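Here is entry.cif, consisting of mmCIF, C-alpha atoms and all ligand atoms:
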```
data_start
loop_
_atom_site.label_atom_id
_atom_site.label_comp_id
_atom_site.auth_asym_id
_atom_site.auth_seq_id
_atom_site.Cartn_x
_atom_site.Cartn_y
_atom_site.Cartn_z
CA MET R 1 16.07 -1.02 6.32
CA TYR R 2 17.44 -4.10 4.60
CA ALA R 3 14.61 -6.59 4.13
CA GLY R 4 16.76 -9.67 4.84
CA SER R 5 17.61 -8.49 8.35
CA ASN R 6 13.98 -8.33 9.46
CA PRO R 7 12.74 -11.78 10.50
CA ALA R 8 9.12 -10.62 10.05
CA LEU R 9 9.58 -10.25 6.29
CA PRO R 10 8.77 -13.09 3.87
CA THR R 11 12.41 -13.88 3.26
CA THR R 12 12.33 -16.19 6.28
CA ILE R 13 9.34 -18.01 4.83
CA MET R 14 10.63 -18.26 1.29
CA PHE R 15 13.91 -20.00 2.02
CA LYS R 16 12.30 -22.44 4.48
CA GLN R 17 9.62 -23.30 1.95
CA ALA R 18 12.27 -23.86 -0.70
CA LEU R 19 14.16 -26.22 1.63
CA THR R 20 11.01 -28.12 2.50
CA LYS R 21 10.15 -28.49 -1.19
CA LYS R 22 13.75 -29.60 -1.89
CA GLU R 23 14.10 -26.67 -4.27
CA PHE R 24 16.57 -24.41 -2.44
CA HIS R 25 18.71 -22.50 -4.96
CA LYS R 26 21.77 -20.68 -3.71
CA PHE R 27 24.03 -18.66 -6.01
CA ILE R 28 27.68 -18.27 -5.13
CA ILE R 29 29.46 -15.02 -5.95
CA GLY R 30 32.64 -16.28 -4.31
CA ALA R 31 34.28 -16.64 -0.91
CA ALA R 32 37.40 -14.81 -2.13
CA PHE R 33 35.74 -12.53 -4.67
CA LYS R 34 36.10 -8.85 -3.89
CA ASP R 35 35.08 -6.81 -6.94
CA ILE R 36 32.53 -4.55 -5.27
CA GLU R 37 30.68 -3.41 -8.41
CA LEU R 38 30.28 -6.98 -9.63
CA ILE R 39 29.13 -8.22 -6.21
CA LYS R 40 26.40 -5.57 -6.34
CA LYS R 41 25.45 -6.48 -9.90
CA TYR R 42 25.36 -10.24 -9.29
CA SER R 43 23.32 -9.70 -6.11
CA TYR R 44 20.80 -7.68 -8.08
CA ILE R 45 20.60 -10.36 -10.80
CA PHE R 46 20.28 -13.31 -8.42
CA THR R 47 17.65 -11.52 -6.28
CA ALA R 48 15.59 -10.48 -9.30
CA ALA R 49 15.74 -14.05 -10.61
CA GLY R 50 14.38 -15.50 -7.34
CA ALA R 51 17.46 -17.01 -5.67
CA ASN R 52 16.98 -18.25 -2.09
CA ALA R 53 20.47 -17.29 -0.95
CA ILE R 54 23.48 -15.36 -2.19
CA ASP R 55 26.91 -16.42 -0.98
CA ILE R 56 29.64 -13.75 -0.74
CA SER R 57 33.00 -13.06 0.90
CA ALA R 58 32.99 -12.19 4.61
CA PHE R 59 34.15 -8.65 4.06
CA PRO R 60 32.28 -5.46 5.09
CA LEU R 61 32.37 -3.87 1.62
CA SER R 62 31.12 -7.13 0.06
CA VAL R 63 28.14 -7.23 2.44
CA ILE R 64 27.32 -3.57 1.82
CA ALA R 65 27.53 -4.04 -1.97
CA ALA R 66 25.41 -7.22 -1.93
CA LYS R 67 22.82 -5.51 0.23
CA GLN R 68 22.62 -2.61 -2.22
CA GLY R 69 22.11 -5.02 -5.12
CA ILE R 70 19.37 -6.87 -3.23
CA GLU R 71 17.64 -3.63 -2.25
CA GLN R 72 17.70 -2.36 -5.82
CA ALA R 73 16.03 -5.55 -7.06
CA LEU R 74 13.36 -5.31 -4.33
CA LEU R 75 12.76 -1.68 -5.21
CA ASN R 76 12.21 -2.57 -8.88
CA ASN R 77 9.87 -5.41 -8.02
CA PRO R 78 8.15 -5.19 -4.61
CA ASN R 79 6.72 -8.70 -5.12
CA LEU R 80 10.17 -10.18 -4.73
CA GLU R 81 11.42 -11.66 -1.48
CA ALA R 82 14.93 -11.03 -0.24
CA PRO R 83 17.30 -13.96 -0.48
CA LEU R 84 19.50 -14.88 2.47
CA LEU R 85 22.75 -12.96 2.46
CA MET R 86 25.38 -15.54 3.33
CA ILE R 87 28.99 -14.90 4.26
CA SER R 88 31.58 -17.65 3.83
CA ILE R 89 34.40 -18.32 6.26
CA ASN R 90 37.06 -21.03 6.40
CA VAL R 91 38.90 -23.32 8.78
CA GLY R 92 42.58 -23.33 7.77
CA GLU R 93 43.70 -23.25 4.15
CA ASP R 94 40.87 -23.88 1.73
CA THR R 95 40.47 -23.96 -2.06
CA HIS R 96 37.62 -21.44 -1.97
CA PHE R 97 39.74 -18.81 -0.23
CA ARG R 98 42.73 -18.57 -2.55
CA ARG R 99 43.51 -16.04 -5.22
CA ILE R 100 46.20 -15.75 -7.86
CA ASN R 101 49.16 -13.54 -7.18
CA LEU R 102 50.98 -12.11 -10.21
CA ASP R 103 54.76 -11.79 -9.94
CA THR R 104 55.40 -8.84 -12.25
CA GLN R 105 59.16 -9.50 -12.14
CA ASN R 106 58.69 -12.91 -13.74
CA CYS R 107 55.83 -12.00 -16.09
CA THR R 108 56.95 -11.54 -19.70
CA GLU R 109 53.49 -10.33 -20.77
CA CYS R 110 53.22 -13.20 -23.23
CA LEU R 111 49.40 -12.93 -22.80
CA LEU R 112 48.89 -16.71 -22.88
CA CYS R 113 46.89 -16.65 -19.64
CA VAL R 114 44.43 -13.97 -20.80
CA PRO R 115 41.77 -16.16 -22.49
CA SER R 116 42.01 -18.86 -19.80
CA CYS R 117 40.28 -16.82 -17.10
CA PRO R 118 36.50 -17.34 -16.79
CA SER R 119 36.31 -14.19 -14.71
CA GLN R 120 38.23 -11.89 -17.09
CA ALA R 121 40.76 -11.06 -14.38
CA PHE R 122 43.43 -10.61 -17.05
CA SER R 123 42.97 -7.98 -19.71
CA VAL R 124 44.82 -6.41 -22.59
CA LEU R 125 44.51 -2.65 -22.93
CA GLY R 126 46.09 -0.20 -25.34
CA LYS R 127 46.72 -0.52 -29.08
CA PRO R 128 47.26 -3.94 -30.72
CA SER R 129 50.73 -2.73 -31.72
CA ASN R 130 51.52 -1.91 -28.10
CA PRO R 131 49.32 -4.10 -25.83
CA GLU R 132 49.29 -3.45 -22.10
CA PHE R 133 48.71 -6.50 -19.93
CA SER R 134 46.87 -6.02 -16.63
CA TYR R 135 45.57 -8.23 -13.85
CA ASP R 136 42.82 -7.43 -11.31
CA ILE R 137 43.16 -9.69 -8.28
CA ASP R 138 39.68 -8.73 -7.04
CA LEU R 139 38.18 -10.53 -10.04
CA CYS R 140 39.99 -13.79 -9.24
CA TYR R 141 38.00 -16.54 -7.52
CA GLY R 142 40.78 -19.11 -7.52
CA CYS R 143 39.68 -21.61 -10.18
CA SER R 144 43.35 -22.37 -11.14
CA ASN R 145 42.72 -22.39 -14.91
CA CYS R 146 45.43 -19.84 -15.66
CA LEU R 147 48.25 -21.67 -13.87
CA GLU R 148 48.84 -24.20 -16.63
CA TYR R 149 49.26 -21.44 -19.24
CA CYS R 150 52.14 -19.65 -17.56
CA ASN R 151 55.60 -20.91 -18.45
CA TYR R 152 57.43 -18.20 -16.51
CA ASP R 153 56.51 -18.96 -12.91
CA ALA R 154 54.66 -15.64 -12.68
CA LEU R 155 51.40 -16.99 -11.23
CA SER R 156 50.97 -18.58 -7.81
CA PHE R 157 48.21 -18.93 -5.25
CA GLU R 158 47.92 -16.83 -2.12
CA GLN R 159 45.57 -17.89 0.64
CA TRP R 160 43.05 -15.28 1.70
CA SER R 161 41.18 -15.26 4.99
CA PRO R 162 39.30 -12.00 5.09
CA TYR R 163 37.55 -12.32 8.42
CA GLU R 164 38.19 -12.68 12.10
CA ALA R 165 35.62 -14.40 14.30
CA GLU R 166 35.22 -11.14 16.25
CA SER R 167 34.31 -9.22 13.08
CA LEU R 168 31.33 -11.44 12.24
CA SER R 169 29.00 -9.48 14.56
CA GLU R 170 29.84 -6.39 12.51
CA LEU R 171 28.90 -8.22 9.29
CA ILE R 172 25.58 -9.28 10.87
CA LYS R 173 24.85 -5.62 11.68
CA LEU R 174 25.60 -4.74 8.05
CA GLY R 175 23.02 -7.24 6.79
CA ALA R 176 24.51 -10.75 6.68
CA ASN R 177 21.89 -13.22 7.92
CA ALA R 178 23.42 -16.58 6.97
CA ILE R 179 26.88 -18.09 7.31
CA GLU R 180 28.81 -20.89 5.69
CA ILE R 181 31.84 -22.54 7.28
CA HIS R 182 34.23 -24.52 5.06
CA LEU R 183 35.54 -27.28 7.34
CA ASN R 184 38.61 -28.22 5.33
CA ASN R 185 38.97 -31.52 7.25
CA ASP R 186 40.23 -29.88 10.42
CA LEU R 187 37.44 -30.92 12.75
CA GLU R 188 39.06 -29.83 16.01
CA THR R 189 39.74 -26.29 14.75
CA PHE R 190 36.22 -26.23 13.31
CA ARG R 191 34.74 -27.19 16.69
CA GLU R 192 36.67 -24.37 18.41
CA LEU R 193 35.65 -21.86 15.73
CA TYR R 194 32.00 -22.88 15.84
CA LEU R 195 31.85 -22.37 19.61
CA LYS R 196 33.44 -18.94 19.24
CA ILE R 197 31.36 -17.33 16.46
CA PRO R 198 28.02 -15.54 16.95
CA HIS R 199 24.93 -17.64 16.20
CA ASP R 200 22.45 -14.92 15.22
CA PHE R 201 21.97 -16.30 11.73
CA LEU R 202 18.76 -17.54 10.12
CA LEU R 203 20.76 -20.28 8.45
CA GLU R 204 24.09 -21.96 9.16
CA SER R 205 25.70 -23.93 6.35
CA PHE R 206 28.69 -26.28 6.58
CA CYS R 207 30.70 -27.09 3.48
CA ILE R 208 32.37 -30.51 3.51
CA GLY R 209 33.96 -32.73 0.87
CA SER R 210 35.75 -30.37 -1.55
CA GLN R 211 38.19 -33.16 -2.56
CA GLN R 212 39.78 -32.79 0.88
CA MET R 213 37.86 -35.53 2.71
CA ASN R 214 37.43 -39.27 2.15
CA THR R 215 34.18 -41.09 2.97
CA THR R 216 35.13 -41.75 6.61
CA GLN R 217 36.07 -38.11 7.12
CA ILE R 218 32.79 -36.97 5.58
CA GLN R 219 30.94 -39.28 7.98
CA GLU R 220 32.87 -37.88 10.97
CA ALA R 221 32.26 -34.29 9.87
CA THR R 222 28.52 -34.97 9.43
CA LYS R 223 28.30 -36.43 12.95
CA LEU R 224 30.17 -33.50 14.47
CA ILE R 225 27.95 -30.93 12.69
CA SER R 226 24.87 -32.81 13.87
CA GLU R 227 26.18 -32.85 17.46
CA LEU R 228 27.23 -29.17 17.54
CA THR R 229 23.98 -27.86 16.03
CA THR R 230 21.55 -29.96 18.11
CA ASN R 231 20.12 -26.93 19.92
CA SER R 232 20.75 -24.29 17.27
CA LYS R 233 17.82 -21.99 16.45
CA SER R 234 19.08 -21.56 12.88
CA GLU R 235 18.17 -23.76 9.95
CA ILE R 236 21.10 -26.06 9.18
CA ILE R 237 22.46 -27.10 5.80
CA ILE R 238 25.36 -29.36 4.98
CA GLN R 239 26.80 -28.40 1.61
CA SER R 240 28.18 -31.45 -0.14
CA ASP R 241 31.06 -30.12 -2.19
CA GLY R 242 32.27 -32.19 -5.14
CA LEU R 243 34.68 -30.47 -7.53
CA PRO R 244 34.98 -26.94 -6.16
CA LEU R 245 35.20 -23.99 -8.57
CA SER R 246 34.78 -26.31 -11.54
CA GLY R 247 31.45 -25.09 -12.93
CA ALA R 248 33.08 -22.86 -15.52
CA ARG R 249 35.31 -25.62 -16.85
CA ASP R 250 34.28 -28.05 -19.53
CA LEU R 251 34.49 -31.24 -17.48
CA GLY R 252 31.60 -33.04 -19.15
CA GLU R 253 28.27 -34.34 -17.92
CA ASN R 254 29.62 -36.00 -14.76
CA LYS R 255 31.24 -32.99 -13.13
CA ASP R 256 28.54 -33.07 -10.43
CA LEU R 257 28.95 -36.78 -9.63
CA ALA R 258 31.42 -36.28 -6.75
CA SER R 259 28.98 -33.94 -5.03
CA ILE R 260 26.08 -36.40 -5.48
CA ILE R 261 28.16 -39.30 -4.07
CA ASN R 262 29.23 -37.20 -1.06
CA SER R 263 25.57 -36.23 -0.50
CA GLN R 264 24.60 -39.87 -0.33
CA THR R 265 27.16 -40.42 2.45
CA ILE R 266 25.94 -37.34 4.33
CA LEU R 267 22.24 -38.25 4.01
CA SER R 268 22.74 -41.80 5.27
CA ASN R 269 24.62 -40.43 8.30
CA LEU R 270 21.83 -37.98 9.08
CA GLN R 271 19.13 -40.62 9.43
CA THR R 272 19.50 -40.66 13.23
CA SER R 273 19.98 -36.90 13.58
CA SER R 274 17.88 -35.40 16.38
CA ARG R 275 17.00 -32.31 14.32
CA PRO R 276 16.31 -31.56 10.66
CA ILE R 277 19.50 -30.95 8.71
CA PHE R 278 19.22 -30.13 5.03
CA VAL R 279 21.71 -31.18 2.34
CA GLN R 280 22.63 -29.33 -0.83
CA LEU R 281 24.90 -30.04 -3.80
CA ALA R 282 27.86 -27.81 -4.72
CA GLY R 283 30.98 -27.97 -6.87
CA GLY R 284 30.35 -28.67 -10.57
CA ILE R 285 26.62 -27.99 -10.30
CA ASP R 286 24.31 -26.82 -13.08
CA GLU R 287 20.55 -26.80 -13.74
CA LYS R 288 20.52 -30.58 -14.32
CA SER R 289 22.24 -31.61 -11.08
CA LEU R 290 19.25 -31.49 -8.71
CA ALA R 291 17.19 -33.74 -10.98
CA LYS R 292 20.15 -36.06 -11.53
CA ALA R 293 20.62 -36.57 -7.78
CA HIS R 294 16.90 -37.19 -7.22
CA ALA R 295 16.76 -39.66 -10.13
CA GLN R 296 19.49 -41.62 -8.34
CA GLY R 297 17.49 -41.62 -5.09
CA VAL R 298 19.77 -39.02 -3.45
CA LEU R 299 17.07 -36.68 -2.17
CA VAL R 300 19.03 -33.50 -1.56
CA ASP R 301 17.22 -30.31 -0.59
CA GLY R 302 18.83 -27.93 -3.04
CA VAL R 303 21.82 -26.79 -5.02
CA ALA R 304 24.52 -24.14 -4.87
CA ILE R 305 25.48 -22.85 -8.32
CA GLY R 306 28.62 -20.77 -8.64
CA SER R 307 31.14 -20.50 -11.44
CA TYR R 308 28.80 -22.21 -13.93
CA ALA R 309 26.26 -19.38 -13.57
CA ARG R 310 28.83 -16.61 -13.43
CA LYS R 311 30.50 -17.80 -16.63
CA GLN R 312 27.17 -17.78 -18.45
CA LEU R 313 26.37 -14.31 -17.15
CA LEU R 314 29.71 -12.77 -18.02
CA ASP R 315 28.64 -11.68 -21.52
CA HIS R 316 25.30 -10.30 -20.28
CA LEU R 317 26.41 -8.06 -17.44
CA ASN R 318 25.69 -4.93 -19.47
CA ASP R 319 22.11 -6.01 -20.04
CA LEU R 320 20.69 -6.76 -16.61
CA ASP R 321 17.24 -7.77 -17.88
CA GLN R 322 18.84 -10.42 -20.07
CA ALA R 323 21.06 -11.59 -17.18
CA VAL R 324 18.02 -11.86 -14.89
CA ASP R 325 16.09 -13.83 -17.54
CA LEU R 326 19.00 -16.20 -18.03
CA THR R 327 19.28 -16.88 -14.28
CA LYS R 328 15.51 -17.23 -13.92
CA ARG R 329 15.49 -19.83 -16.69
CA MET R 330 18.29 -21.70 -14.91
CA ILE R 331 16.25 -21.91 -11.69
CA LEU R 332 13.00 -22.83 -13.46
CA GLU R 333 14.71 -25.53 -15.52
CA SER R 334 16.32 -26.99 -12.41
CA LYS R 335 12.92 -27.22 -10.68
CA ARG R 336 11.17 -28.51 -13.81
CA LEU R 337 13.66 -31.31 -14.36
CA LYS R 338 13.47 -32.36 -10.71
CA ASN R 339 9.68 -32.50 -10.75
CA ASN R 340 9.41 -34.37 -14.05
S1 LIG S 401 41.83 -18.21 -14.25
FE1 LIG S 401 40.87 -18.61 -12.26
S2 LIG S 401 42.61 -18.62 -10.80
FE2 LIG S 401 43.36 -17.63 -12.69
S3 LIG S 401 42.97 -15.43 -12.36
FE3 LIG S 401 41.17 -16.24 -13.41
S4 LIG S 401 39.72 -16.76 -11.75
FE4 LIG S 401 41.79 -16.53 -10.84
S1 LIG S 402 51.09 -16.43 -18.94
FE1 LIG S 402 52.49 -15.83 -17.28
S2 LIG S 402 54.08 -14.65 -18.30
FE2 LIG S 402 52.38 -14.78 -19.74
S3 LIG S 402 51.17 -12.91 -19.37
FE3 LIG S 402 50.30 -14.52 -18.09
S4 LIG S 402 51.34 -14.29 -16.14
FE4 LIG S 402 52.57 -13.17 -17.62
#
```

Please express what this file holds, its structure, as structure tokens.
Ligand code: SF4
Ligand code: SF4
Amino acid sequence: MYAGSNPALPTTIMFKQALTKKEFHKFIIGAAFKDIELIKKYSYIFTAAGANAIDISAFPLSVIAAKQGIEQALLNNPNLEAPLLMISINVGEDTHFRRINLDTQNCTECLLCVPSCPSQAFSVLGKPSNPEFSYDIDLCYGCSNCLEYCNYDALSFEQWSPYEAESLSELIKLGANAIEIHLNNDLETFRELYLKIPHDFLLESFCIGSQQMNTTQIQEATKLISELTTNSKSEIIIQSDGLPLSGARDLGENKDLASIINSQTILSNLQTSSRPIFVQLAGGIDEKSLAKAHAQGVLVDGVAIGSYARKQLLDHLNDLDQAVDLTKRMILESKRLKNN
């Protein structure tokens, strides 16, 4: 049986302790990411490194693959505790749920987009004298880097919503024990969705900000989440999203600032909340972000690291021990800097 689905196992203690210590570390594989082998591999790496949660697409094969990766890590090291297995769903169109579509009619195979992809979704096969361009949509997580390289109108976004509210119970049976809803500034649709979905999760997370909300809208979303979750038995997190999918891009030291500023707004609106609601940073986050927020008096409870970690791991995916070490060091450094 999958450890994460059994509330008697230490996984339920570990993530709560991490939240209480303000050291919750979630790793994001991607809400639109569908490469099954990589989902399994990343889940193994993040579990073995001690992540508190792993965030994946709300798709049966993704959940099965992540569960296999988690189980493999637990088998190799019985002292480990299973992270939460979180599925991400969206309200309306959302940045996290888009993927690049390649129009093969327009593509001239100029290869300019190939090095731009932090996920290696484009590749060149065959001999140098006769290169064959290929694109794997399941490796795309929608960062938008490649768009600016194409001069032939061959790349465009398609929105992807892999789940239906009715299918979430199935994903819970497969092993998902946490959920994240991306609000996308459509509070009425969010309210309707929230009342419709199952609530058998150990943790419910709500992603707000994401460059789609101004301060007033973040305040309104925070109040609505607080109101809707008053009697929820799950732990509740609000994920303060700054610059989504930007971790792999070289945006300088302040790429996490938007997330920290949004967190401040959320935290000040939670002061009168009738139940504990945790807050975590996301969007442009690295191992320094947690400490940076705390140094500014923004006492968030954790971080969600996505494309920044995946980009670093890309060259180490054939050496899992090295990939685990690298991720472990990321988590330890994040905690060390915060506690200094
Ligand atoms: S560069 Fe980004 S948006 Fe383009 S294919 Fe790669 S992951 Fe997808
Ligand atoms: S940049 Fe555009 S035209 Fe060139 S290989 Fe990529 S998709 Fe095709």

### Query
So, counting only C-alpha atoms and all ligand atoms, which residue among R:Leu155, R:Cys117, R:Leu168, R:Leu290 is closest to ligand LIG 401 (chain S)?
R:Cys117

### Message
Any residue with an atom at most 7 Å from ligand LIG 401 (chain S) counts, using only C-alpha atoms and all ligand atoms. Which are they? Put them as a ChimeraX atom specification.
### Response
/R:99-100,116-122,139-147

Residues of range 9-81 of chain R that have any atom at most 12 Å from an atom of range 187-210 of chain R: could you tabulate them with the shortest-distance atom pair and the distance in Å to one decimal, using all atoms listed in the file, ordered by chain and increasing number, as a Markdown table?
```
| residue | atom | partner | partner_atom | distance |
| --- | --- | --- | --- | --- |
| R:Thr11 | CA | R:Leu202 | CA | 10.0 |
| R:Thr12 | CA | R:Leu202 | CA | 7.6 |
| R:Ile13 | CA | R:Leu202 | CA | 10.8 |
| R:Phe15 | CA | R:Leu203 | CA | 9.4 |
| R:Lys16 | CA | R:Leu203 | CA | 9.6 |
| R:Leu19 | CA | R:Leu203 | CA | 11.2 |
| R:Lys26 | CA | R:Ser205 | CA | 11.3 |
| R:Ala31 | CA | R:Cys207 | CA | 11.9 |
| R:Asn52 | CA | R:Leu203 | CA | 11.4 |
| R:Ala53 | CA | R:Leu203 | CA | 9.9 |
| R:Asp55 | CA | R:Ser205 | CA | 10.6 |
```

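Compared by their closest atoms to Val300 in chain R, and using only C-alpha atoms, the residues R:Cys110, R:Ile218, R:Ile266, R:Leu224 rank with R:Ile266 nearest.
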
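Around ligand LIG 402 (chain S), the neighbouring residues within 6 Å, taking all atoms listed in the file, come to Cys107, Thr108, Glu109, Cys110, Leu111, Leu112, Cys113, Tyr149, Cys150, Tyr152, Ala154 and Leu155 of chain R.
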
Could those selected residues go to a file with C-alpha atoms, as a compact mmCIF listing (two decimals), in the coordinates of the input?
```
# COMPACT_ATOMS: atom_id res chain seq x y z
CA CYS R 107 55.83 -12.00 -16.09
CA THR R 108 56.95 -11.54 -19.70
CA GLU R 109 53.49 -10.33 -20.77
CA CYS R 110 53.22 -13.20 -23.23
CA LEU R 111 49.40 -12.93 -22.80
CA LEU R 112 48.89 -16.71 -22.88
CA CYS R 113 46.89 -16.65 -19.64
CA TYR R 149 49.26 -21.44 -19.24
CA CYS R 150 52.14 -19.65 -17.56
CA TYR R 152 57.43 -18.20 -16.51
CA ALA R 154 54.66 -15.64 -12.68
CA LEU R 155 51.40 -16.99 -11.23
```
